$ cat input_5.csv   # CSV, C-alpha atoms and all ligand atoms
chain,number,residue,atom,x,y,z
K,491,GLU,CA,-4.1,14.6,22.1
K,492,LEU,CA,-4.6,11.4,20.2
K,493,PRO,CA,-5.8,11.3,16.6
K,494,ALA,CA,-9.6,10.6,16.6
K,495,GLU,CA,-9.5,8.3,13.6
K,496,ILE,CA,-6.9,5.6,13.0
K,497,THR,CA,-6.1,3.8,9.8
K,498,ILE,CA,-5.1,0.2,10.4
K,499,TRP,CA,-2.8,-1.0,7.6
K,500,GLU,CA,-3.3,-4.8,7.6
K,501,VAL,CA,-0.2,-6.7,6.6
K,502,GLY,CA,-1.1,-10.3,7.5
K,503,PRO,CA,-1.5,-11.7,4.0
K,504,ARG,CA,2.0,-10.2,3.1
K,505,ASP,CA,4.2,-9.8,6.2
K,506,GLY,CA,2.4,-12.7,7.9
K,507,LEU,CA,2.4,-15.3,5.2
K,508,GLN,CA,5.8,-14.4,3.7
K,509,ASN,CA,7.3,-15.9,6.8
K,510,GLU,CA,5.4,-19.2,7.0
K,511,LYS,CA,7.5,-22.3,6.5
K,512,SER,CA,4.9,-23.8,4.2
K,513,VAL,CA,3.4,-22.1,1.2
K,514,VAL,CA,-0.3,-21.4,1.9
K,515,ASP,CA,-2.7,-22.3,-0.8
K,516,VAL,CA,-3.8,-19.4,-3.0
K,517,GLY,CA,-7.5,-20.2,-2.3
K,518,VAL,CA,-6.8,-19.9,1.5
K,519,LYS,CA,-5.0,-16.6,1.0
K,520,LEU,CA,-8.0,-15.3,-1.0
K,521,GLU,CA,-10.4,-16.3,1.7
K,522,PHE,CA,-8.2,-14.8,4.3
K,523,ILE,CA,-8.2,-11.4,2.4
K,524,ASP,CA,-11.9,-11.6,1.8
K,525,ARG,CA,-12.6,-12.2,5.5
K,526,LEU,CA,-10.3,-9.4,6.5
K,527,GLY,CA,-12.4,-7.1,4.3
K,528,GLN,CA,-15.6,-8.4,5.8
K,529,ALA,CA,-14.2,-7.6,9.2
K,530,GLY,CA,-13.9,-4.0,8.2
K,531,LEU,CA,-10.3,-3.6,7.3
K,532,ARG,CA,-9.9,-1.0,4.6
K,533,THR,CA,-6.2,-1.4,3.7
K,534,ILE,CA,-5.1,-4.9,3.2
K,535,GLU,CA,-1.5,-5.5,2.0
K,536,ALA,CA,-2.1,-8.4,-0.3
K,537,THR,CA,1.2,-9.8,-1.5
K,538,SER,CA,4.7,-8.9,-3.0
K,539,PHE,CA,6.1,-8.8,-6.5
K,540,VAL,CA,9.5,-9.8,-5.4
K,541,HIS,CA,11.8,-12.4,-6.8
K,542,PRO,CA,9.9,-15.8,-6.4
K,543,LYS,CA,13.1,-17.5,-5.4
K,544,TRP,CA,13.7,-15.0,-2.6
K,545,VAL,CA,10.2,-15.4,-1.2
K,546,PRO,CA,8.5,-18.5,-2.5
K,547,GLN,CA,5.6,-18.1,-0.1
K,548,LEU,CA,4.4,-15.2,-2.3
K,549,ALA,CA,5.4,-16.5,-5.7
K,550,ASP,CA,1.7,-16.8,-6.5
K,551,ALA,CA,1.2,-13.0,-6.5
K,552,ALA,CA,-0.2,-12.7,-10.0
K,553,GLN,CA,-2.6,-15.6,-9.5
K,554,LEU,CA,-3.7,-14.1,-6.2
K,555,LEU,CA,-4.5,-10.7,-7.7
K,556,ALA,CA,-6.3,-12.3,-10.6
K,557,GLY,CA,-8.5,-14.1,-8.2
K,558,LEU,CA,-9.2,-11.2,-5.8
K,559,SER,CA,-12.7,-9.8,-5.7
K,560,LYS,CA,-12.0,-6.3,-4.6
K,561,ARG,CA,-14.4,-4.6,-2.2
K,562,ASP,CA,-15.5,-1.0,-2.7
K,563,GLY,CA,-13.5,1.3,-0.5
K,564,VAL,CA,-10.7,-1.2,0.2
K,565,ARG,CA,-7.1,-0.7,-0.9
K,566,TYR,CA,-4.9,-3.7,-1.7
K,567,PRO,CA,-1.3,-2.5,-1.8
K,568,VAL,CA,1.5,-4.8,-2.8
K,569,LEU,CA,5.3,-4.7,-2.2
K,570,VAL,CA,7.4,-3.9,-5.2
K,571,PRO,CA,11.3,-3.7,-5.0
K,572,ASN,CA,12.3,-2.9,-8.6
K,573,ASP,CA,11.3,-2.2,-12.2
K,574,ARG,CA,10.7,-5.9,-12.9
K,575,GLY,CA,8.4,-6.0,-9.8
K,576,LEU,CA,6.6,-2.9,-11.0
K,577,ASP,CA,6.0,-4.4,-14.5
K,578,ARG,CA,4.4,-7.4,-12.9
K,579,ALA,CA,2.3,-5.3,-10.5
K,580,LEU,CA,1.0,-3.1,-13.3
K,581,GLU,CA,0.1,-6.2,-15.4
K,582,ALA,CA,-1.9,-7.4,-12.4
K,583,GLY,CA,-3.7,-4.1,-12.2
K,584,VAL,CA,-2.7,-2.8,-8.8
K,585,SER,CA,-3.4,0.8,-7.8
K,586,HIS,CA,-1.1,1.0,-4.7
K,587,ILE,CA,2.4,-0.2,-4.2
K,588,ALA,CA,5.0,0.0,-1.4
K,589,ILE,CA,8.7,0.0,-1.9
K,590,PHE,CA,10.9,-1.2,1.0
K,591,ALA,CA,14.2,0.3,1.9
K,592,SER,CA,16.7,-0.5,4.7
K,593,ALA,CA,18.1,1.9,7.2
K,594,THR,CA,21.2,-0.2,7.5
K,595,GLU,CA,23.9,-1.4,5.2
K,596,THR,CA,23.8,-5.1,6.2
K,597,PHE,CA,20.1,-5.5,5.8
K,598,ALA,CA,20.1,-3.7,2.4
K,599,GLN,CA,22.6,-6.4,1.3
K,600,ARG,CA,20.7,-9.3,2.8
K,601,ASN,CA,17.1,-8.2,1.9
K,602,LEU,CA,17.7,-6.5,-1.5
K,603,ASN,CA,21.2,-7.5,-2.6
K,604,ARG,CA,22.1,-3.8,-2.8
K,605,THR,CA,24.2,-1.4,-0.8
K,606,LEU,CA,22.5,1.2,1.4
K,607,ASP,CA,23.1,3.8,-1.3
K,608,SER,CA,22.3,1.7,-4.4
K,609,GLN,CA,18.9,0.6,-3.1
K,610,PHE,CA,17.7,4.2,-3.8
K,611,GLU,CA,18.9,3.9,-7.4
K,612,MET,CA,16.8,0.8,-7.7
K,613,PHE,CA,13.7,2.6,-6.2
K,614,ASP,CA,13.9,5.9,-7.9
K,615,PRO,CA,12.7,4.8,-11.4
K,616,VAL,CA,10.0,2.6,-9.7
K,617,VAL,CA,8.5,5.5,-7.8
K,618,THR,CA,8.6,7.8,-10.9
K,619,ARG,CA,7.0,5.3,-13.2
K,620,ALA,CA,4.4,4.3,-10.6
K,621,ARG,CA,3.3,7.8,-10.0
K,622,GLU,CA,3.2,8.5,-13.7
K,623,ALA,CA,0.8,5.5,-14.0
K,624,GLY,CA,-1.3,7.1,-11.3
K,625,LEU,CA,-0.4,4.7,-8.5
K,626,GLU,CA,0.0,5.6,-4.9
K,627,VAL,CA,3.4,4.8,-3.4
K,628,ARG,CA,4.3,4.0,0.2
K,629,GLY,CA,7.8,3.7,1.4
K,630,TYR,CA,8.8,1.3,4.1
K,631,LEU,CA,12.0,1.7,6.1
K,632,SER,CA,13.3,-1.3,7.9
K,633,MET,CA,15.7,-1.7,10.9
K,634,CYS,CA,14.8,1.8,12.2
K,635,PHE,CA,15.7,1.0,15.8
K,636,GLY,CA,18.1,-2.0,15.7
K,637,ASP,CA,19.6,-4.4,13.3
K,638,PRO,CA,20.5,-8.0,14.2
K,639,TRP,CA,24.0,-7.7,12.6
K,640,GLU,CA,24.8,-4.0,13.4
K,641,GLY,CA,23.1,-3.5,16.7
K,642,PRO,CA,21.5,-0.1,17.5
K,643,VAL,CA,21.0,2.2,14.5
K,644,ALA,CA,21.8,5.9,14.7
K,645,LEU,CA,18.8,8.1,14.6
K,646,LYS,CA,20.4,10.5,12.1
K,647,GLN,CA,21.0,7.6,9.7
K,648,VAL,CA,17.3,6.6,9.9
K,649,VAL,CA,15.9,10.0,9.4
K,650,SER,CA,18.2,10.6,6.5
K,651,ALA,CA,17.1,7.4,4.7
K,652,GLY,CA,13.4,8.0,5.5
K,653,GLN,CA,13.6,11.5,4.2
K,654,ARG,CA,15.1,10.2,0.9
K,655,LEU,CA,12.0,8.0,0.5
K,656,LEU,CA,9.7,11.0,1.1
K,657,ASP,CA,11.7,13.2,-1.2
K,658,MET,CA,11.6,10.6,-3.9
K,659,GLY,CA,7.8,10.8,-4.0
K,660,CYS,CA,6.5,8.3,-1.4
K,661,SER,CA,3.2,9.7,0.0
K,662,GLN,CA,3.7,7.8,3.2
K,663,LEU,CA,6.7,6.5,5.2
K,664,SER,CA,6.3,3.5,7.4
K,665,LEU,CA,8.9,3.3,10.1
K,666,GLY,CA,9.7,-0.4,10.7
K,667,ASP,CA,11.0,-2.0,13.9
K,668,THR,CA,11.7,-5.2,11.9
K,669,ILE,CA,13.1,-7.1,14.9
K,670,GLY,CA,10.9,-5.7,17.6
K,671,VAL,CA,13.5,-4.1,19.8
K,672,ALA,CA,12.3,-0.5,20.1
K,673,THR,CA,10.9,1.0,23.3
K,674,PRO,CA,8.6,4.0,23.5
K,675,GLY,CA,11.2,6.7,24.2
K,676,GLN,CA,13.0,5.8,21.1
K,677,VAL,CA,9.8,5.9,19.1
K,678,GLU,CA,9.1,9.4,20.2
K,679,ALA,CA,12.7,10.5,19.4
K,680,LEU,CA,12.5,9.1,15.9
K,681,ILE,CA,9.2,10.6,15.1
K,682,ALA,CA,10.4,14.0,16.4
K,683,GLY,CA,13.3,13.7,13.8
K,684,PHE,CA,10.7,14.3,11.0
K,685,SER,CA,9.1,17.7,10.3
K,686,SER,CA,5.6,16.3,10.7
K,687,PRO,CA,3.9,13.1,11.7
K,688,ASP,CA,1.3,13.4,9.0
K,689,ALA,CA,3.1,11.3,6.4
K,690,LEU,CA,4.3,8.8,8.9
K,691,ALA,CA,3.1,5.3,9.7
K,692,VAL,CA,4.5,2.9,12.3
K,693,HIS,CA,5.3,-0.8,11.8
K,694,PHE,CA,6.1,-2.7,14.9
K,695,HIS,CA,7.1,-6.3,15.5
K,696,ASP,CA,6.3,-7.7,18.9
K,697,THR,CA,9.5,-9.7,19.6
K,698,TYR,CA,10.2,-8.0,23.0
K,699,GLY,CA,6.5,-7.4,23.8
K,700,GLN,CA,6.8,-3.6,23.2
K,701,ALA,CA,4.6,-3.2,20.1
K,702,LEU,CA,1.5,-1.8,21.8
K,703,ALA,CA,3.5,0.5,24.1
K,704,ASN,CA,5.4,1.7,21.0
K,705,THR,CA,2.1,2.2,19.1
K,706,LEU,CA,0.6,4.3,21.9
K,707,ALA,CA,3.8,6.5,21.9
K,708,ALA,CA,3.4,7.0,18.2
K,709,LEU,CA,-0.3,7.9,18.5
K,710,GLN,CA,0.6,10.4,21.2
K,711,CYS,CA,3.1,12.0,18.7
K,712,GLY,CA,0.2,12.4,16.2
K,713,VAL,CA,0.8,9.3,13.9
K,714,SER,CA,-2.6,8.0,12.7
K,715,THR,CA,-1.6,5.0,10.5
K,716,VAL,CA,-0.6,1.8,12.3
K,717,ASP,CA,0.5,-1.4,10.6
K,718,SER,CA,-0.6,-4.7,12.1
K,719,SER,CA,-1.1,-8.3,11.2
K,720,ALA,CA,-4.3,-10.3,11.9
K,721,GLY,CA,-3.6,-12.9,14.6
K,722,GLY,CA,0.0,-11.5,15.0
K,723,LEU,CA,1.3,-13.5,12.1
K,724,GLY,CA,4.6,-12.4,10.6
K,725,GLY,CA,8.3,-11.8,10.5
K,726,CYS,CA,10.8,-11.4,7.8
K,727,PRO,CA,12.6,-14.3,6.2
K,728,TYR,CA,15.8,-12.1,5.7
K,729,ALA,CA,16.0,-10.7,9.2
K,730,GLU,CA,17.3,-13.0,12.0
K,731,SER,CA,15.0,-12.9,15.1
K,732,ALA,CA,12.2,-11.1,13.4
K,733,THR,CA,9.0,-12.6,14.9
K,734,GLY,CA,5.3,-11.7,14.7
K,735,ASN,CA,3.9,-8.3,13.9
K,736,LEU,CA,1.8,-6.4,16.3
K,737,ALA,CA,-1.5,-8.3,16.2
K,738,THR,CA,-4.4,-6.4,14.7
K,739,GLU,CA,-6.7,-7.7,17.4
K,740,ASP,CA,-4.5,-6.4,20.2
K,741,LEU,CA,-4.4,-3.0,18.4
K,742,VAL,CA,-8.2,-2.9,18.0
K,743,TRP,CA,-8.7,-3.7,21.7
K,744,MET,CA,-6.5,-0.8,22.7
K,745,LEU,CA,-8.1,1.6,20.2
K,746,ASP,CA,-11.6,0.6,21.4
K,747,GLY,CA,-10.5,1.3,25.0
K,748,LEU,CA,-9.2,4.7,24.0
K,749,GLY,CA,-12.3,5.5,22.1
K,750,LEU,CA,-10.5,6.0,18.8
K,751,SER,CA,-12.4,4.9,15.6
K,752,HIS,CA,-11.0,2.4,13.2
K,753,GLY,CA,-13.9,0.5,11.5
K,754,VAL,CA,-13.0,-3.0,12.4
K,755,ASP,CA,-15.4,-5.6,13.9
K,756,LEU,CA,-13.3,-7.4,16.5
K,757,THR,CA,-15.5,-10.5,16.7
K,758,LYS,CA,-15.3,-11.1,13.0
K,759,LEU,CA,-11.5,-10.4,13.0
K,760,VAL,CA,-10.9,-12.9,15.9
K,761,ALA,CA,-12.9,-15.6,14.1
K,762,THR,CA,-10.8,-15.0,11.0
K,763,SER,CA,-7.5,-15.3,12.8
K,764,ALA,CA,-8.7,-18.4,14.7
K,765,TRP,CA,-9.7,-19.9,11.3
K,766,MET,CA,-6.3,-19.0,9.8
K,767,ALA,CA,-4.5,-20.5,12.9
K,768,GLY,CA,-6.4,-23.7,12.1
K,769,LYS,CA,-5.1,-23.6,8.5
K,770,LEU,CA,-1.6,-23.0,9.7
K,771,GLY,CA,-1.8,-25.7,12.4
K,772,ARG,CA,-0.8,-23.7,15.4
K,773,PRO,CA,-2.5,-21.2,17.8
K,774,SER,CA,-2.4,-17.5,17.2
K,775,PRO,CA,0.1,-15.6,19.3
K,776,SER,CA,-2.3,-12.7,19.7
K,777,ARG,CA,-3.3,-12.2,23.4
K,778,VAL,CA,-6.7,-10.9,22.4
K,779,VAL,CA,-7.4,-13.8,20.1
K,780,GLN,CA,-6.4,-16.1,23.0
K,781,ALA,CA,-8.6,-14.3,25.4
K,782,VAL,CA,-11.7,-14.0,23.2
K,783,PHE,CA,-11.5,-17.3,21.4
K,784,ASP,CA,-11.0,-20.5,23.3
K,785,GLN,CA,-8.4,-22.1,21.0
K,801,LIG,P1,18.8,-9.6,-7.4
K,801,LIG,O1,19.2,-11.1,-7.5
K,801,LIG,O2,19.8,-8.6,-7.2
K,801,LIG,O3,18.0,-9.3,-8.8
K,801,LIG,O4,17.6,-9.5,-6.4
K,801,LIG,P2,18.6,-8.7,-10.2
K,801,LIG,O5,18.0,-7.4,-10.4
K,801,LIG,O6,20.0,-8.9,-10.3
K,801,LIG,O7,17.8,-9.7,-11.2
K,801,LIG,C1,18.2,-11.1,-11.3
K,801,LIG,C2,17.1,-11.9,-11.9
K,801,LIG,O8,15.9,-11.9,-11.1
K,801,LIG,C3,16.7,-11.4,-13.3
K,801,LIG,O9,16.3,-12.5,-14.1
K,801,LIG,C4,15.5,-10.6,-13.0
K,801,LIG,O10,14.6,-10.4,-14.1
K,801,LIG,C5,14.8,-11.4,-11.9
K,801,LIG,P3,17.3,-13.0,-15.3
K,801,LIG,O11,17.4,-11.8,-16.2
K,801,LIG,O12,18.6,-13.4,-14.6
K,801,LIG,O13,16.5,-14.2,-15.8
K,801,LIG,N1,14.0,-10.5,-11.1
K,801,LIG,C6,12.7,-10.6,-10.8
K,801,LIG,N2,11.8,-11.6,-11.1
K,801,LIG,C7,10.6,-11.4,-10.6
K,801,LIG,N3,10.2,-10.4,-9.8
K,801,LIG,C8,11.1,-9.4,-9.5
K,801,LIG,C9,12.4,-9.5,-9.9
K,801,LIG,N4,13.5,-8.8,-9.8
K,801,LIG,C10,14.5,-9.4,-10.4
K,801,LIG,N5,10.7,-8.4,-8.7
K,801,LIG,C11,15.7,-8.4,-5.5
K,801,LIG,C12,17.1,-8.2,-6.0
K,801,LIG,C13,15.2,-7.0,-5.0
K,801,LIG,C14,14.8,-8.8,-6.7
K,801,LIG,C15,15.6,-9.5,-4.4
K,801,LIG,O14,16.6,-9.1,-3.5
K,801,LIG,C16,14.3,-9.6,-3.8
K,801,LIG,O15,13.3,-10.1,-4.4
K,801,LIG,N6,14.2,-9.3,-2.5
K,801,LIG,C17,12.9,-9.3,-1.7
K,801,LIG,C18,13.2,-9.7,-0.3
K,801,LIG,C19,11.8,-9.6,0.4
K,801,LIG,O16,10.8,-9.7,-0.1
K,801,LIG,N7,11.9,-9.5,1.8
K,801,LIG,C20,10.7,-9.4,2.6
K,801,LIG,C21,10.0,-8.0,2.5
K,801,LIG,S1,10.8,-6.7,3.4
K,801,LIG,C22,10.0,-6.8,5.0
K,801,LIG,O17,9.4,-7.8,5.3
K,801,LIG,C23,10.2,-5.7,6.0
K,801,LIG,C24,8.9,-4.9,6.2
K,801,LIG,O18,7.8,-5.7,6.7
K,801,LIG,C25,9.1,-3.7,7.1
K,801,LIG,C26,9.8,-4.1,8.4
K,801,LIG,O19,9.3,-5.0,9.2
K,801,LIG,O20,10.8,-3.5,8.7
K,801,LIG,C27,8.4,-4.3,4.8
K,802,MG,MG,7.6,-6.3,8.8
$ encode --input "input_5.csv" --output "structure tokens" --more "lines below"
Ligand code: HMG
Ligand code: MG
Amino acid sequence: ELPAEITIWEVGPRDGLQNEKSVVDVGVKLEFIDRLGQAGLRTIEATSFVHPKWVPQLADAAQLLAGLSKRDGVRYPVLVPNDRGLDRALEAGVSHIAIFASATETFAQRNLNRTLDSQFEMFDPVVTRAREAGLEVRGYLSMCFGDPWEGPVALKQVVSAGQRLLDMGCSQLSLGDTIGVATPGQVEALIAGFSSPDALAVHFHDTYGQALANTLAALQCGVSTVDSSAGGLGGCPYAESATGNLATEDLVWMLDGLGLSHGVDLTKLVATSAWMAGKLGRPSPSRVVQAVFDQ
């Protein structure tokens, strides 16, 4: 049986825009976030407090949060890798953060400049301090199914890293297929590796066209939080071959067809992604945006 209500965790302003070649103007980002809220999204990952040299596209994080007019009932989580990032996020008045770990050694090095083990030493004080300050903390785990340098990733290794994030105090664990190689059977097997689907979310990239199939598999296992990106923007600057996230429009179309509630107005969302595609100067890769909006 499928969960009746789905939480869509919108990552377009963060996972989407972090991967753009050009830096999007902060005013455009603010309008994007505002329009996503208007379209009914209730969780909008706004930006990252990472090192500005590592991700210059999101170097305006403090300015963005200062300009954000928060809507009632909408959460605006931000990515935070370390203590310095948490200081900056607290200064900006955030109430929800996400740390982001790697399930593989190579990506831990490339994305965080840490070993697989020492990334947890970096996160531990962040989670403790954040929770003491009353913040909610999500944990991301990347490369759960495959890694561009290491190939397939052992399920036991992924479950063990994910469990460490939950044990550390993350209230939710988002399982990331950073390079979009997973297929539904693998998704079921990984979810079954955890004691319950309740604290799990899924984060699929659509590189091999499997993101929706994988999402359905996760829903069938009882997962009710799904990450997606408006218009299918996205990728990761530190992961070779990571392309767009699951498009929020494609997800909404499937959820509507299944009769699962999610709160998003598809027409407003498509208009937002078409507007954003215009700002970025290229068409949206979302099939639903293409079908509904004559680009
Ligand atoms: P590092 O170079 O090891 O940092 O980078 P450090 O701790 O050695 O510090 C060096 C200097 O940087 C210090 O300054 C720090 O203060 C400063 P100095 O004392 O030399 O003047 N610094 C900072 N400044 C501002 N904000 C900070 C910060 N931290 C240190 N937060 C670090 C380590 C983690 C910072 C770096 O590797 C980094 O920023 N990485 C982020 C990479 C990233 O954002 N990747 C994309 C997000 S992950 C993703 O997309 C996957 C996901 O979508 C899920 C999926 O698809 O799988 C989530
Ligand atoms: Mg991602």
$ residues_near_ligand --input "input_5.csv" --ligand "ligand LIG 801 (chain K)" --cutoff "6 Å" --atoms "only C-alpha atoms and all ligand atoms" --output "list in words"
Asp505, Phe539, Val540, His541, Trp544, Val545, Pro571, Asn572, Arg574, Gly575, Phe590, Asn601, Leu602, Asn603, Tyr630, Leu631, Ser632, Met633, Gly666, Asp667, Thr668 and Cys726 of chain K
$ atom_distance --input "input_5.csv" --atom1 "atom CA of Pro638 of chain K" --atom2 "atom CA of Asp696 of chain K"
15.0 Å
$ residues_near_point --input "input_5.csv" --point "(-2.8, -26.3, 7.8)" --cutoff "12 Å" --atoms "only C-alpha atoms" --output "list in words"
Glu510, Lys511, Ser512, Val513, Val514, Asp515, Val518, Trp765, Met766, Ala767, Gly768, Lys769, Leu770, Gly771, Arg772 and Pro773 of chain K
$ residues_around --input "input_5.csv" --residues "Asp562 of chain K" --least-positions-apart "5" --cutoff "12 Å" --atoms "all atoms listed in the file" --output "PyMOL selection string"
chain K and resi 527-528+530-533
$ atom_distance --input "input_5.csv" --atom1 "atom CA of Lys560 of chain K" --atom2 "atom CA of Arg525 of chain K"
11.7 Å
$ residues_around --input "input_5.csv" --residues "segment 673-688 of chain K" --least-positions-apart "3" --cutoff "8 Å" --atoms "all atoms listed in the file" --output "PyMOL selection string"
chain K and resi 635+645-646+649+653+700+703-704+707-708+711-714
$ residues_near_ligand --input "input_5.csv" --ligand "ligand MG 802 (chain K)" --cutoff "12 Å" --atoms "only C-alpha atoms and all ligand atoms" --output "ChimeraX atom specification"
/K:499-509,535,569,590-592,601,630-634,664-670,692-697,717-719,722-729,731-737
$ residues_around --input "input_5.csv" --residues "Gly557 of chain K" --least-positions-apart "3" --cutoff "8 Å" --atoms "all atoms listed in the file" --output "list in words"
Leu520, Gln553 and Leu554 of chain K
$ write_last_selection --input "input_5.csv" --atoms "C-alpha atoms" --output "mmCIF file, in the frame of the given file"
data_model
loop_
_atom_site.group_PDB
_atom_site.id
_atom_site.type_symbol
_atom_site.label_atom_id
_atom_site.label_comp_id
_atom_site.auth_asym_id
_atom_site.auth_seq_id
_atom_site.Cartn_x
_atom_site.Cartn_y
_atom_site.Cartn_z
ATOM 1 C CA LEU K 520 -8.000 -15.300 -1.000
ATOM 2 C CA GLN K 553 -2.600 -15.600 -9.500
ATOM 3 C CA LEU K 554 -3.700 -14.100 -6.200
#
$ closest_residue --input "input_5.csv" --among "K:Asp577, K:Glu622, K:Glu491, K:Asp637" --to "Ala598 of chain K" --atoms "only C-alpha atoms"
K:Asp637
$ atom_distance --input "input_5.csv" --atom1 "atom CA of Thr596 of chain K" --atom2 "atom CA of Ser608 of chain K"
12.7 Å
$ residues_near_point --input "input_5.csv" --point "(-2.6, -0.4, -14.9)" --cutoff "10 Å" --atoms "only C-alpha atoms" --output "PyMOL selection string"
chain K and resi 577+579-585+620+623-625
$ write_last_selection --input "input_5.csv" --atoms "C-alpha atoms" --output "PDB file, in the frame of the given file"
ATOM      1  CA  ASP K 577       6.000  -4.400 -14.500  1.00  0.00           C
ATOM      2  CA  ALA K 579       2.300  -5.300 -10.500  1.00  0.00           C
ATOM      3  CA  LEU K 580       1.000  -3.100 -13.300  1.00  0.00           C
ATOM      4  CA  GLU K 581       0.100  -6.200 -15.400  1.00  0.00           C
ATOM      5  CA  ALA K 582      -1.900  -7.400 -12.400  1.00  0.00           C
ATOM      6  CA  GLY K 583      -3.700  -4.100 -12.200  1.00  0.00           C
ATOM      7  CA  VAL K 584      -2.700  -2.800  -8.800  1.00  0.00           C
ATOM      8  CA  SER K 585      -3.400   0.800  -7.800  1.00  0.00           C
ATOM      9  CA  ALA K 620       4.400   4.300 -10.600  1.00  0.00           C
ATOM     10  CA  ALA K 623       0.800   5.500 -14.000  1.00  0.00           C
ATOM     11  CA  GLY K 624      -1.300   7.100 -11.300  1.00  0.00           C
ATOM     12  CA  LEU K 625      -0.400   4.700  -8.500  1.00  0.00           C
TER      13      LEU K 625
END
$ closest_residue --input "input_5.csv" --among "K:Ala593, K:Ala556, K:Tyr698, K:Ala672" --to "Arg654 of chain K" --atoms "only C-alpha atoms"
K:Ala593
$ residues_around --input "input_5.csv" --residues "Val616 of chain K" --least-positions-apart "2" --cutoff "9 Å" --atoms "all atoms listed in the file" --output "short mmCIF file (atom, residue, chain, number, x, y, z; two decimals) with C-alpha atoms, in the coordinates of the input"
data_model
loop_
_atom_site.label_atom_id
_atom_site.label_comp_id
_atom_site.auth_asym_id
_atom_site.auth_seq_id
_atom_site.Cartn_x
_atom_site.Cartn_y
_atom_site.Cartn_z
CA VAL K 570 7.40 -3.90 -5.20
CA PRO K 571 11.30 -3.70 -5.00
CA ASN K 572 12.30 -2.90 -8.60
CA ASP K 573 11.30 -2.20 -12.20
CA GLY K 575 8.40 -6.00 -9.80
CA LEU K 576 6.60 -2.90 -11.00
CA ILE K 589 8.70 0.00 -1.90
CA MET K 612 16.80 0.80 -7.70
CA PHE K 613 13.70 2.60 -6.20
CA ASP K 614 13.90 5.90 -7.90
CA THR K 618 8.60 7.80 -10.90
CA ARG K 619 7.00 5.30 -13.20
CA ALA K 620 4.40 4.30 -10.60
CA ARG K 621 3.30 7.80 -10.00
#
$ closest_residue --input "input_5.csv" --among "K:Ala536, K:Phe522, K:Gln599, K:Ile498" --to "Ala764 of chain K" --atoms "only C-alpha atoms"
K:Phe522
$ closest_residue --input "input_5.csv" --among "K:Val627, K:Arg600, K:Met658, K:Ser751" --to "Trp639 of chain K" --atoms "only C-alpha atoms"
K:Arg600
$ closest_residue --input "input_5.csv" --among "K:Val716, K:Cys660, K:Val643, K:Ala651" --to "Gly629 of chain K" --atoms "only C-alpha atoms"
K:Cys660
$ axis_aligned_box --input "input_5.csv" --around "segment 573-589 of chain K" --padding-each-side "3 Å" --output "AutoDock Vina command-line options"
--center_x 3.8 --center_y -3.2 --center_z -8.4 --size_x 21.0 --size_y 14.4 --size_z 20.0
$ closest_residue --input "input_5.csv" --among "K:Val671, K:Gly652, K:Gly747, K:Lys519" --to "Thr762 of chain K" --atoms "only C-alpha atoms"
K:Lys519
$ decode --input "input_5.csv" --residues "segment 533-567 of chain K" --atoms "C-alpha atoms" --output "mmCIF file, in the first residue's frame"
data_model
loop_
_atom_site.group_PDB
_atom_site.id
_atom_site.type_symbol
_atom_site.label_atom_id
_atom_site.label_comp_id
_atom_site.auth_asym_id
_atom_site.auth_seq_id
_atom_site.Cartn_x
_atom_site.Cartn_y
_atom_site.Cartn_z
ATOM 1 C CA THR K 533 9.797 22.363 1.864
ATOM 2 C CA ILE K 534 12.155 24.399 -0.288
ATOM 3 C CA GLU K 535 15.878 23.785 0.127
ATOM 4 C CA ALA K 536 17.104 27.314 -0.315
ATOM 5 C CA THR K 537 20.925 27.325 -0.513
ATOM 6 C CA SER K 538 24.163 26.031 1.054
ATOM 7 C CA PHE K 539 26.566 27.429 3.625
ATOM 8 C CA VAL K 540 29.550 25.669 2.079
ATOM 9 C CA HIS K 541 32.898 27.190 1.192
ATOM 10 C CA PRO K 542 32.198 29.929 -1.400
ATOM 11 C CA LYS K 543 35.245 28.865 -3.427
ATOM 12 C CA TRP K 544 33.928 25.306 -3.639
ATOM 13 C CA VAL K 545 30.469 26.356 -4.830
ATOM 14 C CA PRO K 546 30.562 29.964 -6.064
ATOM 15 C CA GLN K 547 27.013 29.589 -7.406
ATOM 16 C CA LEU K 548 25.722 29.681 -3.814
ATOM 17 C CA ALA K 549 28.221 32.154 -2.351
ATOM 18 C CA ASP K 550 25.329 34.583 -1.840
ATOM 19 C CA ALA K 551 23.678 32.355 0.794
ATOM 20 C CA ALA K 552 23.609 35.019 3.548
ATOM 21 C CA GLN K 553 22.270 37.663 1.177
ATOM 22 C CA LEU K 554 19.632 35.245 -0.094
ATOM 23 C CA LEU K 555 18.338 34.407 3.375
ATOM 24 C CA ALA K 556 18.311 38.078 4.351
ATOM 25 C CA GLY K 557 16.075 38.790 1.355
ATOM 26 C CA LEU K 558 13.770 35.817 1.779
ATOM 27 C CA SER K 559 10.165 36.539 2.731
ATOM 28 C CA LYS K 560 9.245 33.314 4.462
ATOM 29 C CA ARG K 561 5.756 31.962 3.975
ATOM 30 C CA ASP K 562 3.773 30.483 6.847
ATOM 31 C CA GLY K 563 4.031 26.729 6.915
ATOM 32 C CA VAL K 564 7.010 26.587 4.543
ATOM 33 C CA ARG K 565 10.410 25.242 5.628
ATOM 34 C CA TYR K 566 13.585 26.539 4.014
ATOM 35 C CA PRO K 567 16.383 24.075 4.880
#
